[in-house]
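Listing of my_file.csv; format and content: CSV, C-alpha atoms.
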chain,number,residue,atom,x,y,z
A,1,MET,CA,-169.1,-57.0,164.6
A,2,THR,CA,-166.4,-57.8,162.0
A,3,SER,CA,-163.0,-58.2,163.5
A,4,LEU,CA,-160.1,-56.3,161.9
A,5,VAL,CA,-157.6,-58.8,163.2
A,6,PRO,CA,-157.8,-62.3,161.7
A,7,ARG,CA,-158.3,-65.1,164.2
A,8,GLN,CA,-155.5,-67.6,164.6
A,9,GLY,CA,-155.9,-70.4,162.1
A,10,ASP,CA,-157.9,-68.3,159.6
A,11,ALA,CA,-156.6,-69.0,156.0
A,12,THR,CA,-157.4,-65.4,154.9
A,13,PRO,CA,-158.0,-62.1,156.6
A,14,ALA,CA,-161.7,-61.2,157.2
A,15,ALA,CA,-163.2,-59.0,154.5
A,16,TYR,CA,-163.6,-55.4,155.6
A,17,ASP,CA,-167.2,-54.0,155.7
A,18,PRO,CA,-168.0,-50.9,153.6
A,19,ALA,CA,-167.9,-48.5,156.5
A,20,THR,CA,-164.4,-49.7,157.5
A,21,LEU,CA,-163.2,-49.5,153.9
A,22,ALA,CA,-164.4,-45.9,153.8
A,23,VAL,CA,-162.5,-45.0,157.0
A,24,LEU,CA,-159.3,-46.7,155.8
A,25,ALA,CA,-159.5,-44.9,152.4
A,26,ALA,CA,-160.1,-41.5,154.2
A,27,MET,CA,-157.1,-42.1,156.4
A,28,GLU,CA,-154.9,-43.0,153.5
A,29,GLN,CA,-155.9,-39.9,151.7
A,30,ALA,CA,-155.4,-37.8,154.8
A,31,ALA,CA,-151.9,-39.3,155.3
A,32,GLU,CA,-150.9,-38.5,151.7
A,33,GLU,CA,-152.1,-34.9,152.1
A,34,HIS,CA,-150.3,-34.5,155.4
A,35,LEU,CA,-147.0,-35.9,154.1
A,36,ASP,CA,-147.3,-33.6,151.0
A,37,ARG,CA,-147.8,-30.5,153.3
A,38,ILE,CA,-144.8,-31.2,155.4
A,39,ARG,CA,-142.6,-32.3,152.5
A,40,PRO,CA,-139.8,-29.6,151.9
A,41,HIS,CA,-140.2,-27.4,148.9
A,42,ASN,CA,-136.8,-28.6,147.5
A,43,THR,CA,-137.9,-32.2,147.7
A,44,LYS,CA,-141.2,-31.4,145.9
A,45,ARG,CA,-139.2,-29.7,143.2
A,46,GLY,CA,-136.8,-32.6,143.0
A,47,TYR,CA,-139.7,-35.1,142.6
A,48,GLU,CA,-141.2,-32.9,139.8
A,49,ASN,CA,-137.8,-33.0,138.0
A,50,ASP,CA,-137.7,-36.8,138.5
A,51,TRP,CA,-141.1,-37.2,136.9
A,52,ASN,CA,-140.1,-34.9,134.0
A,53,LEU,CA,-137.2,-37.2,133.4
A,54,TRP,CA,-139.5,-40.2,133.6
A,55,GLU,CA,-141.7,-38.6,130.9
A,56,GLU,CA,-138.6,-37.9,128.8
A,57,PHE,CA,-137.6,-41.6,129.1
A,58,GLN,CA,-141.1,-42.7,128.0
A,59,ASP,CA,-140.8,-40.4,124.9
A,60,TRP,CA,-137.4,-41.8,124.1
A,61,LEU,CA,-138.6,-45.3,124.4
A,62,GLY,CA,-141.7,-44.5,122.3
A,63,GLU,CA,-139.4,-43.2,119.5
A,64,ARG,CA,-137.6,-46.5,119.4
A,65,THR,CA,-140.6,-48.9,119.7
A,66,GLY,CA,-143.1,-46.9,117.7
A,67,HIS,CA,-145.5,-46.9,120.7
A,68,ARG,CA,-145.6,-44.5,123.6
A,69,VAL,CA,-147.0,-46.2,126.7
A,70,ALA,CA,-148.7,-44.2,129.4
A,71,SER,CA,-146.4,-42.7,132.0
A,72,THR,CA,-148.5,-44.3,134.7
A,73,HIS,CA,-147.2,-47.8,133.8
A,74,VAL,CA,-144.6,-48.0,136.5
A,75,THR,CA,-143.7,-51.6,136.1
A,76,LYS,CA,-140.6,-53.7,136.9
A,77,GLY,CA,-139.5,-53.7,133.2
A,78,MET,CA,-140.0,-49.9,132.9
A,79,LEU,CA,-138.3,-49.0,136.1
A,80,VAL,CA,-135.2,-51.2,135.3
A,81,GLY,CA,-135.2,-49.7,131.8
A,82,PHE,CA,-135.3,-46.2,133.4
A,83,VAL,CA,-132.2,-47.1,135.4
A,84,VAL,CA,-130.3,-48.3,132.3
A,85,TRP,CA,-131.4,-45.2,130.4
A,86,LEU,CA,-130.2,-42.8,133.1
A,87,ASP,CA,-126.9,-44.6,133.3
A,88,THR,CA,-126.1,-45.0,129.6
A,89,ILE,CA,-127.9,-42.1,127.9
A,90,LYS,CA,-128.1,-39.4,130.7
A,91,LEU,CA,-124.7,-40.5,132.2
A,92,ALA,CA,-126.2,-39.9,135.6
A,93,ALA,CA,-124.3,-40.7,138.8
A,94,PRO,CA,-125.6,-43.7,140.8
A,95,ALA,CA,-126.7,-41.5,143.8
A,96,SER,CA,-128.7,-39.4,141.4
A,97,ILE,CA,-130.3,-42.5,139.8
A,98,ASP,CA,-131.3,-43.7,143.3
A,99,ARG,CA,-133.0,-40.4,144.0
A,100,ARG,CA,-134.8,-40.6,140.7
A,101,ILE,CA,-136.3,-44.0,141.5
A,102,THR,CA,-137.7,-42.6,144.7
A,103,GLY,CA,-139.1,-39.5,143.0
A,104,VAL,CA,-140.8,-41.5,140.3
A,105,THR,CA,-142.3,-44.0,142.8
A,106,VAL,CA,-143.6,-41.3,145.2
A,107,THR,CA,-145.1,-39.2,142.4
A,108,ALA,CA,-146.7,-42.2,140.8
A,109,ARG,CA,-148.3,-43.3,144.0
A,110,GLY,CA,-149.5,-39.7,144.5
A,111,LEU,CA,-151.3,-40.1,141.2
A,112,GLY,CA,-153.0,-43.2,142.5
A,113,VAL,CA,-150.8,-45.7,140.7
A,114,GLU,CA,-149.9,-48.9,142.5
A,115,VAL,CA,-146.2,-49.4,142.1
A,116,PRO,CA,-145.3,-53.1,142.7
A,117,LYS,CA,-142.6,-53.6,145.4
A,118,GLU,CA,-140.9,-56.0,143.0
A,119,ALA,CA,-140.4,-53.1,140.6
A,120,THR,CA,-138.5,-50.9,143.0
A,121,VAL,CA,-136.5,-53.9,144.3
A,122,ALA,CA,-135.5,-54.8,140.8
A,123,ALA,CA,-134.5,-51.2,139.9
A,124,ARG,CA,-132.2,-50.9,142.9
A,125,LYS,CA,-130.8,-54.4,142.1
A,126,ALA,CA,-129.9,-53.1,138.6
A,127,LEU,CA,-128.4,-50.0,140.3
A,128,LYS,CA,-126.3,-51.9,142.8
A,129,PRO,CA,-123.3,-52.7,140.6
A,130,LEU,CA,-123.2,-49.1,139.3
A,131,LYS,CA,-122.6,-47.9,142.8
A,132,LEU,CA,-119.4,-49.9,142.9
A,133,ASP,CA,-118.0,-48.3,139.7
A,134,PRO,CA,-115.6,-45.3,140.5
A,135,ASP,CA,-116.0,-43.8,137.1
A,136,ARG,CA,-119.8,-43.7,137.5
A,137,ILE,CA,-119.6,-42.4,141.0
A,138,ALA,CA,-117.5,-39.5,139.8
A,139,ARG,CA,-120.1,-38.4,137.3
A,140,GLY,CA,-121.7,-35.0,137.8
A,141,ARG,CA,-118.8,-33.6,139.6
A,142,GLY,CA,-117.6,-31.3,136.8
A,143,LYS,CA,-118.8,-29.3,133.9
A,144,ALA,CA,-119.5,-30.9,130.5
A,145,PRO,CA,-116.4,-30.7,128.3
A,146,ALA,CA,-116.6,-27.8,125.8
A,147,ALA,CA,-116.7,-28.9,122.2
A,148,THR,CA,-114.1,-27.4,119.9
A,149,PRO,CA,-114.1,-26.6,116.2
A,150,GLU,CA,-111.5,-29.3,115.7
A,151,GLN,CA,-113.7,-31.9,117.3
A,152,LEU,CA,-116.6,-30.8,115.2
A,153,ARG,CA,-114.5,-31.4,112.1
A,154,GLN,CA,-113.7,-34.8,113.3
A,155,MET,CA,-117.4,-35.5,113.8
A,156,TYR,CA,-118.2,-34.2,110.4
A,157,ALA,CA,-115.7,-36.5,108.7
A,158,ALA,CA,-117.0,-39.6,110.6
A,159,ALA,CA,-120.7,-38.9,110.0
A,160,PRO,CA,-122.6,-41.7,108.2
A,161,ALA,CA,-123.8,-41.3,104.7
A,162,GLY,CA,-127.5,-40.6,103.9
A,163,LEU,CA,-130.2,-38.6,105.4
A,164,ALA,CA,-129.3,-39.5,109.0
A,165,GLY,CA,-125.8,-38.2,108.5
A,166,LEU,CA,-127.0,-34.9,107.1
A,167,ARG,CA,-129.4,-34.5,110.0
A,168,ASP,CA,-126.7,-35.3,112.6
A,169,ARG,CA,-124.3,-32.7,111.1
A,170,ALA,CA,-126.9,-30.0,111.0
A,171,LEU,CA,-128.1,-30.8,114.5
A,172,TRP,CA,-124.8,-30.6,116.4
A,173,LEU,CA,-123.6,-27.6,114.3
A,174,MET,CA,-126.9,-25.8,115.0
A,175,ALA,CA,-126.7,-26.7,118.7
A,176,PHE,CA,-123.2,-25.1,118.7
A,177,GLY,CA,-124.2,-22.1,116.6
A,178,ILE,CA,-127.1,-21.1,118.8
A,179,ALA,CA,-125.4,-22.1,122.1
A,180,GLY,CA,-128.4,-24.2,122.6
A,181,ARG,CA,-129.5,-26.6,125.3
A,182,SER,CA,-130.7,-30.0,124.0
A,183,ALA,CA,-134.3,-29.1,124.9
A,184,GLU,CA,-134.0,-26.0,122.8
A,185,VAL,CA,-132.6,-27.8,119.8
A,186,SER,CA,-135.4,-30.3,120.2
A,187,ALA,CA,-138.0,-27.5,120.2
A,188,LEU,CA,-136.6,-25.7,117.0
A,189,ARG,CA,-139.1,-25.4,114.1
A,190,ALA,CA,-138.1,-25.4,110.5
A,191,ASP,CA,-140.3,-22.3,109.8
A,192,GLY,CA,-138.5,-20.6,112.7
A,193,ILE,CA,-135.2,-20.8,111.0
A,194,LYS,CA,-134.9,-18.1,108.2
A,195,HIS,CA,-132.2,-18.0,105.6
A,196,VAL,CA,-130.9,-14.5,105.1
A,197,SER,CA,-127.9,-13.2,103.1
A,198,GLU,CA,-125.6,-13.2,106.2
A,199,GLY,CA,-126.6,-16.6,107.5
A,200,LEU,CA,-129.6,-17.8,109.6
A,201,ASP,CA,-132.1,-15.9,111.7
A,202,VAL,CA,-133.1,-18.5,114.3
A,203,HIS,CA,-136.0,-18.3,116.7
A,204,VAL,CA,-135.3,-20.4,119.8
A,205,PRO,CA,-138.6,-21.2,121.5
A,206,SER,CA,-139.3,-21.0,125.2
A,207,VAL,CA,-138.4,-24.2,127.0
A,208,LYS,CA,-139.1,-25.0,130.7
A,209,GLY,CA,-140.2,-21.5,131.5
A,210,ARG,CA,-137.1,-19.8,130.0
A,211,PRO,CA,-137.8,-16.8,127.8
A,212,PRO,CA,-137.6,-17.4,124.0
A,213,ARG,CA,-134.8,-15.6,122.1
A,214,ASP,CA,-133.9,-14.7,118.5
A,215,VAL,CA,-130.3,-15.3,117.5
A,216,VAL,CA,-128.3,-15.0,114.3
A,217,VAL,CA,-125.9,-17.7,113.0
A,218,ALA,CA,-123.4,-16.5,110.5
A,219,TYR,CA,-121.8,-18.4,107.7
A,220,GLY,CA,-118.7,-20.3,108.8
A,221,LYS,CA,-115.4,-20.0,107.0
A,222,ASN,CA,-114.9,-23.8,107.0
A,223,PRO,CA,-117.6,-25.7,105.0
A,224,ASP,CA,-117.2,-28.7,107.3
A,225,THR,CA,-118.2,-26.7,110.4
A,226,CYS,CA,-120.6,-24.2,108.9
A,227,PRO,CA,-124.0,-24.4,110.6
A,228,VAL,CA,-125.7,-22.5,107.7
A,229,ARG,CA,-124.6,-24.8,105.0
A,230,ALA,CA,-125.3,-27.9,107.1
A,231,TRP,CA,-128.8,-26.7,107.9
A,232,LEU,CA,-129.7,-25.8,104.3
A,233,THR,CA,-128.4,-29.2,103.0
A,234,TRP,CA,-130.5,-31.1,105.6
A,235,LYS,CA,-133.6,-28.9,105.1
A,236,THR,CA,-133.5,-29.5,101.3
A,237,ALA,CA,-132.8,-33.2,101.6
A,238,ALA,CA,-135.6,-33.7,104.1
A,239,GLY,CA,-138.0,-31.4,102.3
A,240,LEU,CA,-138.7,-29.4,105.4
A,241,THR,CA,-140.9,-26.3,105.2
A,242,SER,CA,-142.5,-26.3,108.7
A,243,GLY,CA,-142.8,-28.5,111.8
A,244,PRO,CA,-139.9,-29.9,113.9
A,245,ALA,CA,-136.5,-29.0,112.6
A,246,PHE,CA,-134.9,-32.3,113.6
A,247,ARG,CA,-136.7,-35.6,113.3
A,248,PRO,CA,-136.1,-39.3,113.5
A,249,VAL,CA,-134.7,-41.1,110.5
A,250,SER,CA,-135.3,-44.8,110.3
A,251,VAL,CA,-132.6,-47.4,109.4
A,252,HIS,CA,-134.2,-47.5,106.0
A,253,GLY,CA,-133.9,-43.7,105.6
A,254,HIS,CA,-137.5,-42.9,106.2
A,255,LEU,CA,-138.1,-39.5,107.8
A,256,GLY,CA,-140.4,-39.3,110.8
A,257,THR,CA,-143.0,-36.5,111.4
A,258,ASP,CA,-142.4,-35.9,115.1
A,259,GLY,CA,-139.5,-34.0,116.5
A,260,LEU,CA,-136.6,-35.6,118.3
A,261,THR,CA,-136.7,-35.5,122.1
A,262,PRO,CA,-134.0,-33.6,124.1
A,263,SER,CA,-132.5,-36.9,125.0
A,264,GLY,CA,-132.6,-38.0,121.3
A,265,CYS,CA,-130.6,-34.8,120.4
A,266,GLN,CA,-128.1,-35.4,123.2
A,267,GLU,CA,-127.7,-39.1,122.1
A,268,ILE,CA,-126.9,-38.1,118.6
A,269,ILE,CA,-124.2,-35.7,119.8
A,270,SER,CA,-122.6,-38.2,122.1
A,271,ARG,CA,-122.8,-41.1,119.6
A,272,SER,CA,-121.3,-38.9,116.8
A,273,ALA,CA,-118.4,-37.8,119.0
A,274,GLU,CA,-117.7,-41.4,120.0
A,275,ARG,CA,-117.8,-42.6,116.4
A,276,ALA,CA,-115.3,-39.9,115.5
A,277,GLY,CA,-112.9,-41.0,118.2
A,278,VAL,CA,-113.1,-37.7,120.1
A,279,ALA,CA,-110.9,-38.2,123.2
A,280,VAL,CA,-113.5,-36.9,125.7
A,281,ARG,CA,-117.2,-37.8,125.9
A,282,LEU,CA,-119.2,-34.9,124.5
A,283,THR,CA,-122.8,-34.3,125.7
A,284,GLY,CA,-125.6,-32.1,124.5
A,285,HIS,CA,-124.3,-29.3,126.8
A,286,SER,CA,-120.8,-29.6,125.3
A,287,MET,CA,-122.1,-27.7,122.2
A,288,ARG,CA,-123.4,-24.8,124.4
A,289,ALA,CA,-120.2,-24.7,126.5
A,290,GLY,CA,-118.1,-24.9,123.3
A,291,PHE,CA,-119.8,-22.0,121.6
A,292,ILE,CA,-119.3,-19.7,124.7
A,293,THR,CA,-115.6,-20.6,125.1
A,294,THR,CA,-114.8,-20.5,121.4
A,295,SER,CA,-116.6,-17.2,120.9
A,296,ARG,CA,-114.8,-15.7,123.9
A,297,LYS,CA,-111.4,-16.8,122.6
A,298,ALA,CA,-112.2,-15.2,119.3
A,299,GLY,CA,-112.6,-11.9,121.2
A,300,LYS,CA,-116.4,-11.6,121.3
A,301,ARG,CA,-118.0,-9.4,123.9
A,302,GLU,CA,-119.7,-10.9,126.9
A,303,GLU,CA,-123.1,-9.3,126.2
A,304,LYS,CA,-123.1,-10.6,122.7
A,305,ILE,CA,-122.3,-14.1,123.9
A,306,ARG,CA,-124.9,-14.0,126.6
A,307,ALA,CA,-127.5,-12.8,124.0
A,308,GLN,CA,-126.8,-15.9,122.0
A,309,SER,CA,-126.8,-18.4,124.9
A,310,GLY,CA,-129.7,-16.8,126.8
A,311,HIS,CA,-127.8,-16.8,130.1
A,312,ALA,CA,-128.8,-14.2,132.8
A,313,ALA,CA,-126.3,-11.4,133.4
A,314,ASN,CA,-125.4,-12.8,136.9
A,315,SER,CA,-125.3,-16.5,135.8
A,316,PRO,CA,-122.3,-18.1,137.6
A,317,VAL,CA,-122.3,-20.9,135.0
A,318,PHE,CA,-121.8,-18.3,132.2
A,319,TRP,CA,-119.0,-16.5,134.0
A,320,GLY,CA,-117.4,-19.8,134.7
A,321,TYR,CA,-117.2,-20.5,131.0
A,322,ILE,CA,-115.8,-17.0,130.4
A,323,GLN,CA,-113.1,-17.4,133.0
A,324,GLU,CA,-112.1,-20.7,131.5
A,325,ALA,CA,-111.8,-19.1,128.1
A,326,ASP,CA,-109.7,-16.3,129.5
A,327,ARG,CA,-107.3,-18.5,131.5
A,328,TRP,CA,-104.4,-17.9,129.1
A,329,VAL,CA,-105.2,-14.3,128.2
A,330,ASP,CA,-102.5,-12.2,129.9
A,331,ALA,CA,-101.7,-15.1,132.2
A,332,ALA,CA,-100.1,-14.1,135.5
A,333,SER,CA,-97.2,-16.5,134.8
A,334,ASP,CA,-96.6,-15.3,131.2
A,335,ASP,CA,-93.6,-13.1,130.3
A,336,ILE,CA,-92.5,-12.4,133.8
A,337,GLY,CA,-88.8,-13.1,133.3
A,338,LEU,CA,-88.8,-16.8,133.9
Mind turning this structure into structure tokens?
Amino acid sequence: MTSLVPRQGDATPAAYDPATLAVLAAMEQAAEEHLDRIRPHNTKRGYENDWNLWEEFQDWLGERTGHRVASTHVTKGMLVGFVVWLDTIKLAAPASIDRRITGVTVTARGLGVEVPKEATVAARKALKPLKLDPDRIARGRGKAPAATPEQLRQMYAAAPAGLAGLRDRALWLMAFGIAGRSAEVSALRADGIKHVSEGLDVHVPSVKGRPPRDVVVAYGKNPDTCPVRAWLTWKTAAGLTSGPAFRPVSVHGHLGTDGLTPSGCQEIISRSAERAGVAVRLTGHSMRAGFITTSRKAGKREEKIRAQSGHAANSPVFWGYIQEADRWVDAASDDIGL
């Protein structure tokens, strides 16, 4: 009978016989199924979100290298790169990054991928100094700063020349105009944006199970912040008739055929704001928040704003933006005899 315990002095463990290997494999499978059954629903949902971010990272990396590797390549280099991407592009808090590493590792192993221990050790080694940075620790504790028309004008003036600059302007102004999430801006199609006499009729596709919506974007009074003019200029320069509305532009000015990823759209907005010297760090969500607060300050009705942004009627996030915009309207401390 083959011993499962190596004898003292043996250089290598004894090889398992086929019957033993079958039993061990069955026990491994049963263990995975049992752990999955007892895993809380919120944890499962969190792991699913972690894997979606991992896929987004792979798409982002593929855009820059010209080659999209399989998501099942969970290696030391990829996992460390994921940590850096979450920190510098997604501006994630260290605690959140730590959870993402676990989620990706567990999901990959559930798919039958062997994740080397050195990969997770290296990822957490890369994460360690981030956990000591107070600014990074504070991330995620507040809402994205809302972009303002003044900041958009700053960004317009600082945009680079050429096709990339035309795309960048059209992208952030469209994101603002439709109150769009980065994923929604990424999903926009050129043939879903119709030019009409009053402005643009925009079809916002369904993203992550959210219902699609059709919104209108009116001509702006200021040419530098007019989404309609910016879109038409970009569309003409890029020769767009169908397909993704926003695409990569190489350093040599060559237009790609695939659409930008959500993280690519977000990166353009953050980089453009930084280039313009905007005092706060704007993110993709800043355009959405900016539209809601700016529209409200201009006296627009809640239902009109909600129709544009796609928020549910009872959304606490939406009403938080409305309250922020209304803070100085008939303020309790205003004109009380002080």
Counting all atoms listed in the file, closest pick from A:Phe82, A:Phe291, A:Phe318, A:Trp328 relative to Leu152 of chain A is A:Phe291
Can you tell me which residues surround Thr225 of chain A at a distance of at most 9 Å, considering all atoms listed in the file, apart from same-chain residues fewer than 5 positions away, and format the answer as an mmCIF file with C-alpha atoms, in the frame of the given file?
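Output file around-v7.cif is given in full below:
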data_model
loop_
_atom_site.group_PDB
_atom_site.id
_atom_site.type_symbol
_atom_site.label_atom_id
_atom_site.label_comp_id
_atom_site.auth_asym_id
_atom_site.auth_seq_id
_atom_site.Cartn_x
_atom_site.Cartn_y
_atom_site.Cartn_z
ATOM 1 C CA PRO A 149 -114.100 -26.600 116.200
ATOM 2 C CA GLU A 150 -111.500 -29.300 115.700
ATOM 3 C CA LEU A 152 -116.600 -30.800 115.200
ATOM 4 C CA ARG A 153 -114.500 -31.400 112.100
ATOM 5 C CA TYR A 156 -118.200 -34.200 110.400
ATOM 6 C CA ARG A 169 -124.300 -32.700 111.100
ATOM 7 C CA LEU A 173 -123.600 -27.600 114.300
ATOM 8 C CA GLY A 220 -118.700 -20.300 108.800
ATOM 9 C CA ALA A 230 -125.300 -27.900 107.100
#
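Selection around (-133.4, -53.4, 138.9) with radius 9 Å, counting only C-alpha atoms, yields the residues Lys76, Gly77, Leu79, Val80, Gly81, Val83, Val84, Glu118, Ala119, Thr120, Val121, Ala122, Ala123, Arg124, Lys125, Ala126, Leu127 and Lys128 of chain A.
Across the structure, atom CA of Glu324 of chain A and atom CA of Thr293 of chain A are spaced 7.3 Å apart.
Distance annotation: of A:Leu188, A:Thr72, A:Cys226, A:Ala147, the residue with the minimal separation from Gly112 of chain A is A:Thr72; atom set is all atoms listed in the file.
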Nearby residues (all atoms listed in the file) at most 7 Å from segment 97-103 of chain A, same-chain spacing under 4 positions excluded, as a PyMOL selection string: chain A and resi 47+50-51+83+86+92-93+107
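Taking atom CA of Trp54 of chain A and atom CA of Arg181 of chain A as endpoints, the distance between them is 18.8 Å.
The smallest atom-to-atom distance between Ile305 of chain A and any of A:Ala331, A:Val215, A:Val115, A:Ala187, using all atoms listed in the file, is found for A:Val215.
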Excluding segment 17-33 of chain A and residues on its chain fewer than 2 positions from it, collect all residues at most 8 Å away from it, counting only C-alpha atoms, and give them as a short mmCIF file (atom, residue, chain, number, x, y, z; two decimals) with C-alpha atoms, in the frame of the given file.
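That gives us around-v1.cif:
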data_model
loop_
_atom_site.label_atom_id
_atom_site.label_comp_id
_atom_site.auth_asym_id
_atom_site.auth_seq_id
_atom_site.Cartn_x
_atom_site.Cartn_y
_atom_site.Cartn_z
CA THR A 2 -166.40 -57.80 162.00
CA ALA A 15 -163.20 -59.00 154.50
CA LEU A 35 -147.00 -35.90 154.10
CA ASP A 36 -147.30 -33.60 151.00
CA ARG A 37 -147.80 -30.50 153.30
CA GLY A 110 -149.50 -39.70 144.50
#
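Atom pair atom CA of Ser295 of chain A / atom CA of Ile178 of chain A has a distance of 11.4 Å (rounded to one decimal).
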Which residues, written as a ChimeraX atom specification, have at least one atom at most 10 Å from Glu63 of chain A, with all atoms listed in the file counted and residues fewer than 5 positions away on the same chain left out? /A:57-58,68,248,256,258-261,264
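Using all atoms listed in the file, the nearest neighbour of Ala183 of chain A within the list A:Lys90, A:Lys44, A:Lys208, A:Lys117 is A:Lys208.
Using all atoms listed in the file, the nearest neighbour of Ala238 of chain A within the list A:Met155, A:Val202, A:Leu111, A:Ala164 is A:Ala164.
In terms of minimum interatomic distance to Ala157 of chain A, A:Pro223 ranks closest within A:Pro223, A:Leu255, A:Leu232, A:Ala175, counting all atoms listed in the file.
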Contacts of Gly180 of chain A at 7 Å (only C-alpha atoms; same-chain gap of 5+ positions) as a PDB file with C-alpha atoms, in the frame of the given file:
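Just written: selection33.pdb:
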ATOM      1  CA  ALA A 175    -126.700 -26.700 118.700  1.00  0.00           C
ATOM      2  CA  VAL A 185    -132.600 -27.800 119.800  1.00  0.00           C
ATOM      3  CA  ARG A 288    -123.400 -24.800 124.400  1.00  0.00           C
ATOM      4  CA  SER A 309    -126.800 -18.400 124.900  1.00  0.00           C
TER       5      SER A 309
END
